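coords17.cif follows (mmCIF, C-alpha atoms):
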```cif
data_data
#
loop_
_atom_site.label_atom_id
_atom_site.label_comp_id
_atom_site.auth_asym_id
_atom_site.auth_seq_id
_atom_site.Cartn_x
_atom_site.Cartn_y
_atom_site.Cartn_z
CA MET A 1 64.59 -28.08 143.56
CA PRO A 2 64.44 -24.59 141.97
CA ILE A 3 65.44 -24.07 138.35
CA HIS A 4 69.21 -23.79 138.07
CA PRO A 5 70.30 -20.15 138.56
CA GLU A 6 72.37 -20.09 135.37
CA THR A 7 69.24 -21.02 133.43
CA LEU A 8 67.13 -18.45 135.24
CA ARG A 9 69.59 -15.69 134.29
CA ARG A 10 69.06 -16.45 130.62
CA PHE A 11 65.28 -16.23 130.63
CA ALA A 12 65.57 -12.50 129.86
CA HIS A 13 66.95 -13.33 126.40
CA ILE A 14 63.76 -15.12 125.34
CA GLU A 15 61.17 -12.61 126.54
CA GLY A 16 58.63 -11.99 123.77
CA VAL A 17 59.93 -14.82 121.56
CA PRO A 18 56.97 -16.72 120.04
CA SER A 19 58.65 -20.14 119.78
CA MET A 20 61.97 -21.91 120.14
CA GLN A 21 62.05 -22.47 116.38
CA ALA A 22 61.76 -18.73 115.84
CA PHE A 23 64.42 -18.05 118.46
CA PHE A 24 66.95 -20.32 116.75
CA GLU A 25 66.07 -19.53 113.12
CA ASP A 26 64.79 -15.94 112.93
CA PRO A 27 67.64 -13.46 112.27
CA ARG A 28 65.84 -10.86 114.40
CA TYR A 29 66.90 -12.82 117.47
CA ALA A 30 70.54 -13.37 116.42
CA GLU A 31 72.08 -11.14 119.10
CA ARG A 32 69.89 -12.55 121.83
CA ARG A 33 70.68 -16.07 120.65
CA VAL A 34 74.42 -15.40 120.89
CA ALA A 35 74.01 -14.11 124.45
CA PHE A 36 71.77 -17.05 125.39
CA GLU A 37 74.33 -19.57 124.10
CA SER A 38 77.46 -17.82 125.38
CA TRP A 39 79.48 -19.74 127.96
CA PRO A 40 82.91 -18.03 127.98
CA ASP A 41 84.28 -20.07 130.90
CA TYR A 42 83.75 -23.42 129.19
CA GLU A 43 86.53 -25.03 127.16
CA VAL A 44 85.45 -27.94 125.02
CA PRO A 45 87.53 -31.11 125.43
CA ASP A 46 90.28 -31.43 122.86
CA VAL A 47 89.72 -34.83 121.24
CA ALA A 48 90.44 -36.14 117.75
CA VAL A 49 87.59 -35.33 115.34
CA ARG A 50 87.08 -36.24 111.70
CA ALA A 51 84.22 -36.10 109.23
CA ALA A 52 82.99 -39.14 107.30
CA GLU A 53 80.06 -40.26 105.16
CA VAL A 54 78.14 -43.46 105.73
CA PRO A 55 76.22 -45.22 102.94
CA GLY A 56 72.50 -45.30 103.64
CA PRO A 57 69.31 -46.31 101.86
CA HIS A 58 68.44 -42.65 101.18
CA GLY A 59 71.94 -41.53 100.27
CA PRO A 60 75.12 -40.79 102.22
CA VAL A 61 74.73 -39.89 105.90
CA PRO A 62 77.31 -37.36 107.20
CA VAL A 63 78.84 -38.20 110.57
CA ARG A 64 81.59 -36.92 112.84
CA VAL A 65 83.86 -39.40 114.55
CA TYR A 66 85.25 -38.34 117.94
CA GLY A 67 87.99 -39.83 120.08
CA GLU A 68 89.76 -42.19 117.72
CA ARG A 69 93.21 -43.24 118.84
CA PRO A 70 95.81 -44.75 116.47
CA GLY A 71 96.56 -48.36 117.23
CA ALA A 72 93.79 -48.74 119.81
CA THR A 73 91.51 -51.78 119.70
CA GLY A 74 88.49 -53.10 121.53
CA ARG A 75 87.24 -49.76 122.85
CA PRO A 76 83.58 -48.91 123.50
CA ALA A 77 81.66 -46.80 120.99
CA LEU A 78 78.54 -44.64 121.07
CA VAL A 79 76.40 -43.67 118.09
CA TRP A 80 74.85 -40.35 119.16
CA MET A 81 71.87 -38.35 117.82
CA HIS A 82 71.17 -34.69 118.59
CA GLY A 83 67.66 -33.37 119.17
CA GLY A 84 65.64 -30.66 117.46
CA ALA A 85 62.04 -31.90 117.19
CA PHE A 86 63.00 -34.06 114.17
CA MET A 87 63.18 -30.89 112.06
CA MET A 88 66.05 -28.81 113.46
CA GLY A 89 69.59 -29.27 114.75
CA ASP A 90 72.99 -30.13 113.32
CA LEU A 91 76.41 -31.51 114.24
CA ASP A 92 77.61 -28.12 115.51
CA MET A 93 74.98 -27.65 118.21
CA PRO A 94 76.32 -28.24 121.74
CA GLU A 95 74.00 -31.21 122.26
CA ALA A 96 75.87 -32.88 119.38
CA ASP A 97 79.44 -31.53 119.51
CA TRP A 98 79.97 -30.83 123.22
CA THR A 99 78.27 -34.05 124.28
CA SER A 100 80.29 -36.12 121.84
CA ARG A 101 83.57 -34.58 123.02
CA GLU A 102 82.72 -34.96 126.69
CA VAL A 103 81.60 -38.60 126.40
CA ALA A 104 84.58 -39.53 124.22
CA ARG A 105 86.91 -38.18 126.89
CA ARG A 106 85.04 -39.40 129.98
CA ALA A 107 84.36 -42.92 128.67
CA ASP A 108 87.59 -43.29 126.65
CA ALA A 109 85.27 -44.16 123.80
CA VAL A 110 84.75 -43.46 120.12
CA VAL A 111 81.61 -41.38 119.57
CA VAL A 112 79.96 -41.16 116.14
CA SER A 113 77.59 -38.18 115.90
CA VAL A 114 74.95 -38.57 113.18
CA ASP A 115 73.73 -35.81 110.87
CA TYR A 116 70.48 -37.64 110.08
CA ARG A 117 68.09 -36.14 107.57
CA LEU A 118 65.71 -33.63 109.10
CA CYS A 119 61.97 -33.76 108.50
CA GLN A 120 61.78 -30.81 106.16
CA ASN A 121 60.88 -30.42 102.48
CA GLY A 122 59.06 -33.72 102.18
CA VAL A 123 61.35 -35.81 104.37
CA HIS A 124 59.47 -37.93 106.91
CA TYR A 125 59.71 -41.18 108.86
CA PRO A 126 61.29 -43.66 108.24
CA VAL A 127 64.07 -41.64 106.59
CA PRO A 128 65.82 -40.32 109.76
CA HIS A 129 65.30 -43.72 111.41
CA ASP A 130 66.89 -45.48 108.43
CA ASP A 131 69.86 -43.09 108.53
CA VAL A 132 70.55 -43.95 112.16
CA VAL A 133 70.25 -47.70 111.66
CA ALA A 134 72.65 -47.46 108.70
CA VAL A 135 75.25 -45.66 110.83
CA VAL A 136 75.12 -48.23 113.64
CA ARG A 137 75.60 -51.02 111.11
CA TRP A 138 78.50 -49.10 109.53
CA VAL A 139 80.21 -48.75 112.91
CA ARG A 140 79.87 -52.50 113.46
CA GLU A 141 81.19 -53.33 110.00
CA ASN A 142 84.13 -50.94 110.42
CA ALA A 143 84.83 -51.66 114.08
CA ALA A 144 88.42 -52.77 113.44
CA ASP A 145 89.26 -49.57 111.54
CA LEU A 146 87.62 -47.48 114.27
CA GLY A 147 89.44 -49.40 117.00
CA VAL A 148 86.24 -50.47 118.75
CA ASP A 149 84.68 -53.72 119.88
CA PRO A 150 81.76 -54.54 117.53
CA GLU A 151 79.80 -55.97 120.50
CA TRP A 152 80.39 -52.86 122.65
CA ILE A 153 78.53 -50.28 120.58
CA SER A 154 75.81 -48.26 122.29
CA VAL A 155 73.24 -45.93 120.78
CA GLY A 156 71.91 -42.79 122.35
CA GLY A 157 70.43 -39.40 121.81
CA ALA A 158 68.68 -36.42 123.29
CA SER A 159 65.05 -35.38 122.78
CA ALA A 160 64.09 -36.39 119.21
CA GLY A 161 67.52 -38.02 118.98
CA ALA A 162 66.62 -40.27 121.92
CA ASN A 163 63.53 -41.38 120.03
CA LEU A 164 65.65 -42.20 116.98
CA ALA A 165 68.16 -44.08 119.13
CA ALA A 166 65.41 -46.20 120.69
CA GLY A 167 63.84 -46.94 117.32
CA ALA A 168 67.22 -47.98 115.93
CA ALA A 169 67.87 -50.25 118.92
CA LEU A 170 64.55 -51.98 118.32
CA LYS A 171 65.21 -52.39 114.59
CA LEU A 172 68.67 -53.87 115.26
CA ARG A 173 67.14 -56.27 117.80
CA ASP A 174 64.51 -57.42 115.32
CA GLU A 175 66.31 -57.47 111.97
CA ASP A 176 69.89 -58.19 112.98
CA ARG A 177 69.23 -60.12 116.19
CA ARG A 178 71.96 -57.88 117.64
CA PRO A 179 70.65 -55.12 119.87
CA PRO A 180 73.17 -52.44 120.86
CA ALA A 181 75.18 -52.77 124.04
CA HIS A 182 73.21 -49.97 125.74
CA LEU A 183 70.61 -47.33 124.96
CA ILE A 184 70.94 -43.76 126.26
CA PHE A 185 67.53 -42.05 126.26
CA ALA A 186 68.04 -38.42 127.36
CA TYR A 187 64.86 -36.34 127.83
CA GLY A 188 63.38 -38.20 124.89
CA VAL A 189 59.92 -38.68 123.46
CA ALA A 190 58.59 -42.23 123.31
CA HIS A 191 54.93 -41.36 122.66
CA ALA A 192 53.04 -40.08 119.64
CA VAL A 193 50.55 -38.65 122.15
CA LEU A 194 51.97 -37.56 125.51
CA PRO A 195 50.45 -38.91 128.72
CA PRO A 196 48.82 -36.17 130.80
CA LEU A 197 50.97 -34.22 133.23
CA GLY A 198 50.41 -34.98 136.89
CA PRO A 199 49.70 -32.10 139.28
CA GLU A 200 53.26 -31.99 140.65
CA LEU A 201 54.86 -31.67 137.21
CA ALA A 202 52.19 -29.22 136.07
CA GLU A 203 53.03 -27.00 139.03
CA LEU A 204 56.75 -27.18 138.22
CA MET A 205 56.09 -26.26 134.60
CA SER A 206 54.25 -23.13 135.72
CA HIS A 207 57.70 -21.71 136.56
CA VAL A 208 59.00 -22.32 133.02
CA PRO A 209 58.51 -19.77 130.19
CA GLN A 210 55.83 -20.91 127.76
CA VAL A 211 58.33 -21.08 124.91
CA PHE A 212 59.93 -24.10 126.63
CA HIS A 213 56.66 -26.02 126.95
CA PHE A 214 55.43 -28.86 124.71
CA PRO A 215 51.63 -28.44 124.83
CA PRO A 216 49.53 -31.15 123.13
CA GLU A 217 48.95 -29.10 119.97
CA ALA A 218 52.68 -28.39 119.50
CA HIS A 219 53.68 -31.95 120.34
CA GLY A 220 51.05 -33.30 117.97
CA PHE A 221 52.22 -31.05 115.13
CA LEU A 222 55.86 -32.10 115.54
CA ASN A 223 55.01 -35.78 115.62
CA GLN A 224 52.68 -35.53 112.63
CA ASN A 225 55.44 -33.75 110.75
CA TYR A 226 57.83 -36.56 111.67
CA LEU A 227 55.39 -39.24 110.52
CA GLY A 228 54.26 -37.36 107.43
CA GLY A 229 50.65 -38.09 108.30
CA PRO A 230 48.25 -38.80 111.15
CA LEU A 231 49.50 -40.11 114.47
CA SER A 232 47.60 -43.34 113.80
CA LYS A 233 50.38 -44.21 111.31
CA ALA A 234 52.90 -44.61 114.13
CA ASP A 235 54.58 -47.94 114.76
CA GLY A 236 57.01 -49.10 117.43
CA TYR A 237 60.09 -48.01 115.51
CA ALA A 238 58.68 -44.49 115.21
CA PHE A 239 57.52 -44.27 118.83
CA PRO A 240 59.02 -46.99 121.01
CA ILE A 241 56.26 -47.08 123.63
CA LEU A 242 54.21 -48.87 120.93
CA ALA A 243 56.80 -51.63 120.51
CA ASP A 244 57.19 -55.02 122.14
CA LEU A 245 60.07 -54.09 124.46
CA ARG A 246 61.07 -57.61 125.46
CA GLY A 247 64.72 -58.29 124.76
CA MET A 248 65.64 -54.61 124.59
CA CYS A 249 69.19 -53.71 125.53
CA SER A 250 70.03 -52.20 128.91
CA THR A 251 68.81 -48.61 128.99
CA LEU A 252 69.64 -45.39 130.81
CA VAL A 253 66.71 -42.95 130.87
CA LEU A 254 67.74 -39.40 131.79
CA ASN A 255 64.86 -37.01 132.42
CA ALA A 256 64.84 -33.30 133.24
CA GLU A 257 62.97 -32.09 136.31
CA TYR A 258 61.36 -29.11 134.52
CA ASP A 259 60.24 -30.80 131.31
CA ASP A 260 56.74 -31.80 130.26
CA LEU A 261 58.29 -34.53 128.08
CA ARG A 262 59.38 -36.12 131.35
CA VAL A 263 56.07 -38.00 131.43
CA SER A 264 57.11 -39.83 128.28
CA GLY A 265 60.53 -40.80 129.62
CA GLU A 266 59.03 -41.99 132.90
CA ALA A 267 56.39 -44.10 131.16
CA PHE A 268 58.99 -45.55 128.78
CA ALA A 269 61.24 -46.54 131.71
CA ALA A 270 58.28 -48.17 133.47
CA ALA A 271 57.33 -50.10 130.33
CA LEU A 272 60.90 -51.34 129.92
CA ALA A 273 61.06 -52.45 133.54
CA ALA A 274 57.73 -54.26 133.21
CA THR A 275 59.19 -56.46 130.47
CA GLY A 276 62.31 -57.30 132.49
CA VAL A 277 64.71 -54.95 130.71
CA ASP A 278 67.70 -53.68 132.71
CA VAL A 279 66.72 -50.01 132.96
CA ARG A 280 67.96 -47.17 135.14
CA GLN A 281 65.96 -43.96 135.33
CA VAL A 282 67.51 -40.73 136.66
CA MET A 283 65.87 -37.31 136.98
CA VAL A 284 68.37 -34.49 136.59
CA ARG A 285 67.29 -31.96 139.20
CA SER A 286 66.97 -28.21 138.52
CA MET A 287 67.34 -28.75 134.77
CA MET A 288 64.97 -28.08 131.89
CA HIS A 289 64.61 -29.85 128.56
CA GLY A 290 67.81 -29.61 126.52
CA TYR A 291 70.34 -29.49 129.34
CA LEU A 292 72.97 -31.27 127.22
CA ASN A 293 73.17 -28.01 125.28
CA LEU A 294 74.68 -26.53 128.44
CA PRO A 295 78.37 -26.80 129.35
CA ALA A 296 79.92 -29.35 131.67
CA THR A 297 80.87 -26.50 133.99
CA LEU A 298 77.30 -26.81 135.33
CA GLY A 299 77.10 -29.53 137.96
CA PRO A 300 73.87 -31.22 136.81
CA THR A 301 75.04 -31.38 133.19
CA ALA A 302 78.41 -32.78 134.27
CA ALA A 303 76.66 -35.42 136.38
CA ALA A 304 74.48 -36.45 133.41
CA LEU A 305 77.55 -36.72 131.18
CA ASP A 306 79.25 -38.88 133.79
CA LEU A 307 76.23 -41.21 133.84
CA ILE A 308 76.23 -41.45 130.04
CA ALA A 309 79.97 -42.16 129.98
CA ALA A 310 79.70 -44.78 132.72
CA THR A 311 76.93 -46.53 130.80
CA VAL A 312 78.80 -46.44 127.49
CA GLY A 313 81.94 -47.74 129.18
CA ARG A 314 80.18 -50.62 130.95
CA PRO A 315 80.98 -53.95 129.28
CA VAL A 316 78.09 -56.13 128.18
CA PRO A 317 77.98 -59.48 130.00
CA VAL A 318 78.86 -62.46 127.84
CA GLY A 319 75.67 -63.97 126.46
CA ALA A 320 73.59 -60.85 126.99
#
```
Please lay out the structure from this file as structure tokens.
Amino acid sequence: MPIHPETLRRFAHIEGVPSMQAFFEDPRYAERRVAFESWPDYEVPDVAVRAAEVPGPHGPVPVRVYGERPGATGRPALVWMHGGAFMMGDLDMPEADWTSREVARRADAVVVSVDYRLCQNGVHYPVPHDDVVAVVRWVRENAADLGVDPEWISVGGASAGANLAAGAALKLRDEDRRPPAHLIFAYGVAHAVLPPLGPELAELMSHVPQVFHFPPEAHGFLNQNYLGGPLSKADGYAFPILADLRGMCSTLVLNAEYDDLRVSGEAFAAALAATGVDVRQVMVRSMMHGYLNLPATLGPTAAALDLIAATVGRPVPVGA
């Protein structure tokens, strides 16, 4: 399927930009960035939102809590992590705020969006991983105050956030003997070194501006920055493809059709299935990496949000 026409229209705003990091951080591109991110016809869902801080091993972790309802009990919850290559992103980006609002409304759930520490200025793994694990444990410990069922808490994220969600799910399985209810792995990276692109995906990526690619050298740099050292340091909590996946919680893997990280999501889904994990893999057609930064007025993004909400809202069988 061709790239979505709304995405194609915006390619003009990134002509001549050397990298996505430059596009989102360099003030020279401020006007173009505003035009690229402008969606005047989209109205974000109006749900209850509050800020909180969660104790963590590296200091307090800021979070935003979406969708609380006074007097409610036993509702599902999702702990959600934005993307940004482990070194960018915040709670205001659409992938964090819009996604949290949409899932809270669609799933009638409480969503806790995590402002984990970014890998800048000497911060490296396991710090962001530890932040995420601390927030999931906090949600469980405070389930009654949040109005949620402590056994109906899912974890999820997009891109680097999907990696962090998977690592947290594995840590909770191993240390707490309580994996989350579900894992949402949206266009995430499970590998320290990406598998090679097949010819079909390579041909699709030829239609995508180079700034949206993750070539081996860029991917390697980002992952080394995350680890704070060579890729040989990676363990299964840092990159889940390296883990023993037996006993993992049910997982929804959402890939993007035009995304060279798709090879990682596909291989992760296959590895989960090989160990008997309940896994569903869906490729979101016409979309590129980062489609949860787009509004729910776009059909493919809305469909992905519906899948996330349906997964979060699905009860866990007794004894699972």
Closest atom pairs, stretch 93-186 of chain A residues within 9 Å of stretch 286-299 of chain A, only C-alpha atoms, as JSON lines:
```
{"residue": "A:Met93", "atom": "CA", "partner": "A:Asn293", "partner_atom": "CA", "distance": 7.3}
{"residue": "A:Pro94", "atom": "CA", "partner": "A:Asn293", "partner_atom": "CA", "distance": 4.7}
{"residue": "A:Glu95", "atom": "CA", "partner": "A:Asn293", "partner_atom": "CA", "distance": 4.5}
{"residue": "A:Ala96", "atom": "CA", "partner": "A:Asn293", "partner_atom": "CA", "distance": 8.1}
{"residue": "A:Trp98", "atom": "CA", "partner": "A:Pro295", "partner_atom": "CA", "distance": 7.5}
{"residue": "A:Thr99", "atom": "CA", "partner": "A:Leu292", "partner_atom": "CA", "distance": 6.7}
{"residue": "A:Glu102", "atom": "CA", "partner": "A:Ala296", "partner_atom": "CA", "distance": 8.0}
{"residue": "A:Ala158", "atom": "CA", "partner": "A:Gly290", "partner_atom": "CA", "distance": 7.6}
{"residue": "A:Ser159", "atom": "CA", "partner": "A:Gly290", "partner_atom": "CA", "distance": 7.4}
{"residue": "A:Ala186", "atom": "CA", "partner": "A:Leu292", "partner_atom": "CA", "distance": 8.7}
```
>> Applying the PyMOL selection byres ((chain A and resi 204-209) around 9) to the file I just gave you, which residues come out? Please list them as a PyMOL selection string.
In response: chain A and resi 2-3+11+14-15+199-203+210-213+257-260+288
Which centre and edge lengths in Å to one decimal define the box along x, y and z that fits every listed atom of stretch 123-137 of chain A plus 5 Å per side, as lines of an AutoDock Vina configuration file?
```
center_x = 67.5
center_y = -43.4
center_z = 109.0
size_x = 26.1
size_y = 25.2
size_z = 19.3
```
>> When you count only C-alpha atoms, which of these residues is closest to A:Gly247: A:Arg101, A:Arg28, A:Arg177, A:His4?
In response: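 Residue with the minimum atom-to-atom distance to A:Gly247: A:Arg177.
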>> Please determine, counting all atoms listed in the file, which residue among A:Ile184, A:Leu254, A:Val47, A:Leu222 has the shortest atom-to-atom distance to A:Arg106.
In response: A:Val47
> Of the candidates A:Tyr29, A:Phe185, A:Phe86, A:Phe24, which one gets nearest to A:Asp115 if we count all atoms listed in the file?
Replying inline: A:Phe86
> Got a sec to resolve the PyMOL selection byres ((chain A and resi 152) around 6) on this structure and send the residues as JSON, numbers by chain?
Replying inline: {"A": [76, 149, 150, 151, 153, 181]}
>> What does the structure give for the distance between atom CA of A:Ala77 and atom CA of A:Val112, in Å to one decimal?
In response: 7.6 Å
> Written as a ChimeraX atom specification, which residues does the PyMOL selection byres ((chain A and resi 74) around 12) give for the file shown?
Replying inline: /A:68-69,71-73,75-77,108-110,140,143-153,313,315
>> Could you check the closest approach to A:Ser100 for each of A:Leu252, A:Val132, A:Met87, A:Leu305 and tell me which residue wins, using all atoms listed in the file?
In response: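 Among the listed residues, the smallest separation from A:Ser100 belongs to A:Leu305.
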> Which residues come within 10 Å of A:Met88, counting only C-alpha atoms, excluding same-chain residues fewer than 2 positions away, as a PyMOL selection string?
Replying inline: chain A and resi 21+24-25+82-86+90+117-120+160
>> So the first atom is atom CA of A:Gly16 and the second is atom CA of A:Ala256; what is the distance between them in Å, to one decimal place?
In response: 24.1 Å
>> Using all atoms listed in the file, which protein or nucleic acid residues come within 8 Å of A:Gly188? Drop anything in the same chain fewer than 5 positions from it, and give the result as an MDAnalysis selection string.
In response: chainID A and resid 157:163 255 261:262 264:265
> Between A:Tyr125, A:Leu91, A:Arg285, A:Ala304, which one has atoms that come closest to A:Pro230, using only C-alpha atoms?
Replying inline: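 Comparing A:Tyr125, A:Leu91, A:Arg285, A:Ala304 against A:Pro230, the winner is A:Tyr125.
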>> Show me the residues around (53.0, -39.8, 127.7) - criterion: an atom at most 7 Å away, all atoms listed in the file counted - as a PyMOL selection string.
In response: chain A and resi 191+193-196+263-264+267
Counting all atoms listed in the file, which residues sit no farther than 9 Å from the position (81.8, -34.1, 106.8) in the file's frame? I'd like them as a PDB file with C-alpha atoms, in the frame of the given file.
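Result file is point_32.pdb:
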```
ATOM      1  CA  ARG A  50      87.080 -36.240 111.700  1.00  0.00           C
ATOM      2  CA  ALA A  51      84.220 -36.100 109.230  1.00  0.00           C
ATOM      3  CA  ALA A  52      82.990 -39.140 107.300  1.00  0.00           C
ATOM      4  CA  GLU A  53      80.060 -40.260 105.160  1.00  0.00           C
ATOM      5  CA  PRO A  62      77.310 -37.360 107.200  1.00  0.00           C
ATOM      6  CA  VAL A  63      78.840 -38.200 110.570  1.00  0.00           C
ATOM      7  CA  ARG A  64      81.590 -36.920 112.840  1.00  0.00           C
TER       8      ARG A  64
END
```
> Closest to A:Thr7 among A:Trp39, A:Tyr116, A:Tyr237, A:Phe214, using only C-alpha atoms?
Replying inline: A:Trp39
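Atom CA of A:Leu172 to atom CA of A:Asn142 spans 16.5 Å [interatomic distance, one decimal].
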Incomplete stretch 226-234 of chain A brought to all heavy atoms, written out as a short mmCIF file (atom, residue, chain, number, x, y, z; two decimals), keeping the file's coordinate frame:
```
data_model
loop_
_atom_site.label_atom_id
_atom_site.label_comp_id
_atom_site.auth_asym_id
_atom_site.auth_seq_id
_atom_site.Cartn_x
_atom_site.Cartn_y
_atom_site.Cartn_z
N TYR A 226 56.87 -35.46 111.72
CA TYR A 226 57.83 -36.56 111.67
C TYR A 226 57.25 -37.74 110.88
O TYR A 226 57.91 -38.29 110.00
CB TYR A 226 58.17 -36.98 113.10
CG TYR A 226 59.02 -38.22 113.22
CD1 TYR A 226 60.17 -38.39 112.45
CD2 TYR A 226 58.70 -39.23 114.14
CE1 TYR A 226 60.96 -39.53 112.57
CE2 TYR A 226 59.49 -40.35 114.27
CZ TYR A 226 60.61 -40.51 113.49
OH TYR A 226 61.40 -41.63 113.61
N LEU A 227 56.00 -38.08 111.17
CA LEU A 227 55.39 -39.24 110.52
C LEU A 227 54.98 -38.96 109.08
O LEU A 227 54.85 -39.89 108.28
CB LEU A 227 54.16 -39.68 111.31
CG LEU A 227 54.42 -40.28 112.69
CD1 LEU A 227 53.10 -40.44 113.44
CD2 LEU A 227 55.13 -41.62 112.57
N GLY A 228 54.76 -37.69 108.75
CA GLY A 228 54.26 -37.36 107.43
C GLY A 228 52.80 -37.73 107.26
O GLY A 228 52.34 -38.01 106.14
N GLY A 229 52.07 -37.72 108.35
CA GLY A 229 50.65 -38.09 108.30
C GLY A 229 50.09 -38.16 109.69
O GLY A 229 50.70 -37.71 110.67
N PRO A 230 48.90 -38.75 109.84
CA PRO A 230 48.25 -38.80 111.15
C PRO A 230 49.02 -39.65 112.15
O PRO A 230 49.78 -40.56 111.77
CB PRO A 230 46.88 -39.41 110.83
CG PRO A 230 47.09 -40.18 109.56
CD PRO A 230 48.11 -39.42 108.78
N LEU A 231 48.79 -39.37 113.42
CA LEU A 231 49.50 -40.11 114.47
C LEU A 231 49.13 -41.59 114.47
O LEU A 231 49.89 -42.41 114.98
CB LEU A 231 49.17 -39.48 115.83
CG LEU A 231 49.60 -38.02 116.01
CD1 LEU A 231 49.22 -37.53 117.40
CD2 LEU A 231 51.09 -37.85 115.76
N SER A 232 48.00 -41.93 113.88
CA SER A 232 47.60 -43.34 113.80
C SER A 232 48.54 -44.16 112.93
O SER A 232 48.52 -45.39 112.98
CB SER A 232 46.17 -43.45 113.26
OG SER A 232 46.07 -42.85 111.98
N LYS A 233 49.40 -43.50 112.14
CA LYS A 233 50.38 -44.21 111.31
C LYS A 233 51.55 -44.75 112.12
O LYS A 233 52.33 -45.56 111.63
CB LYS A 233 50.95 -43.26 110.25
CG LYS A 233 50.01 -42.89 109.13
CD LYS A 233 50.72 -41.98 108.13
CE LYS A 233 51.95 -42.63 107.54
NZ LYS A 233 52.59 -41.78 106.50
N ALA A 234 51.70 -44.30 113.36
CA ALA A 234 52.90 -44.61 114.13
C ALA A 234 53.03 -46.10 114.41
O ALA A 234 52.04 -46.79 114.70
CB ALA A 234 52.89 -43.84 115.44
#
```
